[in-house]
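Student: My questions will all concern the structure given below.
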Amino acid sequence: MRALAPSHQALALSLAVLAGYVDSLGFLQLGGVFVSFMSGNSTRLAASLAEGRWAAAGGLAGILILFVMGSFCGALIARGQEKRSRSRVLAFEGVLLTLAALAAGMGYKPVAIGLMVMAMAAENSVFLRNGEAAVSLTYMTGTLVKLGQSLAAAMTGGERWAFAPYLGLWGGLTGGAVVGALTFGRLGLAALWPAAAFAFALAVAARFSRAA
C-alpha cells in the first residue's frame with residue numbers, strides 16, 4: 001500500500017469501500033456467509049463437513065470455486081499496460097455487479113450471489129504485479145498485520161506515520177460495510193445498483209488518471 005502513488009492509494013481506498021459495501025450485502029443476504037472473505041468461508045466449510053451438513057458445505061464449496069474463477073478472469077483481463085489493465089478490471093467488475101443487480105431484480109438471487117463473489121475476486125487484480133495482487137482489497141488480515149508491524153516500528157524509531165495507509169484501508173472497508181448494511185436494510189439486493197455505478201466510475205477514473 002505504501003509503495004503506491006498517492007492517486008493509486010486513493011483508488012485502493014475507494015475499492016476497499018466498495019468491497020466492504022458489497023460484502024456486507026452478501027453477508028446479510030446469506031445470513032453469515034461472505035462473498036469476499038474466503039478464509040471465513042473455508043472455516044465454515046470445514047465446520048459444515050465435520051458436522052455432516054452437506055448442503056451447507058456444498059454451497060460454501062461453490063462460493064469458493066466461483067471466487068477462484070473470478071480471480072482467474074480478473075488476472076487474465078489485467079494483463080497488459082497497467083493503467084488500461086486497471087480500467088479493464090474495474091469495468092469487468094462493474095459488468096458483474098450490474099448483472100448481479102439484474103439477476104436479483106428478476107428473483108434469481110443465487111445467481112446474483114455468484115456474480116457478486118466473482119466481482120469481489122476480480123477486484124483483487126486491479127493492482128496486479130508479476131501475476132500477484134500487490135494490495136489486498138477485499139480482505140484485511142494482511143493489512144491489519146502490517147498495521148500492527150508499522151505501529152511497532154514507529155514505537156522503536158521507525159517511520160512515524162507508516163501505519164496510516166493500512167489504518168485507512170481497513171477503515172474504508174469497514175465504513176463501506178456499514179453503508180452497505182444500512183442500504184441493504186432499505187433496498188435489499190437492489191443496493192447492488194449503486195455499487196455497479198461506483199465500479200464503472202472508478203474504471204473511468206483509472207483510465208484517465210495521469211499516474212502510470
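Labeling convention for the C-alpha cells: chains A, B, ... as they appear, residues from 1 per chain, ligands from 1 in order of appearance.
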So that I can check the surroundings of Leu90 of chain A, please list as number ranges by chain every protein, DNA and RNA residue that reaches within 10 Å of it, counting only C-alpha atoms and ignoring chain neighbours fewer than 5 positions away.

Tutor: A: 15, 74, 77-78, 84-85, 95-96, 119, 122-126, 196, 198-207

Student: So that I can check the secondary structure, give me every residue of segment 141-171 of chain A assigned alpha helix (DSSP H) by backbone DSSP, as JSON, numbers by chain.

Tutor: {"A": [141, 142, 143, 144, 145, 146, 147, 148, 149, 150, 151, 152, 153, 154, 155, 164, 165, 166, 167, 168, 169, 170, 171]}

Student: Those selected residues, please, written with C-alpha atoms and delivered as an mmCIF file, in the first residue's frame.

Tutor:
data_model
loop_
_atom_site.group_PDB
_atom_site.id
_atom_site.type_symbol
_atom_site.label_atom_id
_atom_site.label_comp_id
_atom_site.auth_asym_id
_atom_site.auth_seq_id
_atom_site.Cartn_x
_atom_site.Cartn_y
_atom_site.Cartn_z
ATOM 1 C CA THR A 141 -5.960 -9.842 7.638
ATOM 2 C CA GLY A 142 -2.684 -8.929 5.941
ATOM 3 C CA THR A 143 -3.471 -5.238 6.211
ATOM 4 C CA LEU A 144 -4.054 -5.488 9.959
ATOM 5 C CA VAL A 145 -0.803 -7.443 10.368
ATOM 6 C CA LYS A 146 1.046 -4.642 8.562
ATOM 7 C CA LEU A 147 -0.777 -2.074 10.693
ATOM 8 C CA GLY A 148 0.481 -3.715 13.855
ATOM 9 C CA GLN A 149 4.009 -4.072 12.472
ATOM 10 C CA SER A 150 4.063 -0.426 11.410
ATOM 11 C CA LEU A 151 2.925 0.680 14.868
ATOM 12 C CA ALA A 152 5.696 -1.406 16.425
ATOM 13 C CA ALA A 153 8.243 0.151 14.053
ATOM 14 C CA ALA A 154 7.009 3.660 14.881
ATOM 15 C CA MET A 155 7.481 2.984 18.599
ATOM 16 C CA ALA A 164 -1.734 5.415 8.367
ATOM 17 C CA PRO A 165 -2.337 3.863 4.900
ATOM 18 C CA TYR A 166 -3.138 0.493 6.447
ATOM 19 C CA LEU A 167 -5.479 2.014 9.004
ATOM 20 C CA GLY A 168 -7.163 3.954 6.198
ATOM 21 C CA LEU A 169 -7.619 0.830 4.093
ATOM 22 C CA TRP A 170 -9.215 -1.041 6.994
ATOM 23 C CA GLY A 171 -11.378 1.974 7.825
#

Student: In Å, rounded to a single decimal, give me how far atom CA of Leu115 of chain A is from atom CA of Leu97 of chain A.

Tutor: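 According to the coordinates, atom CA of Leu97 of chain A and atom CA of Leu115 of chain A are separated by 6.7 Å.
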
Student: Could you tell me, as a ChimeraX atom specification, which residues of chain A DSSP assigns to strand (DSSP E or B) when given the backbone?

Tutor: /A:128-129,132-133
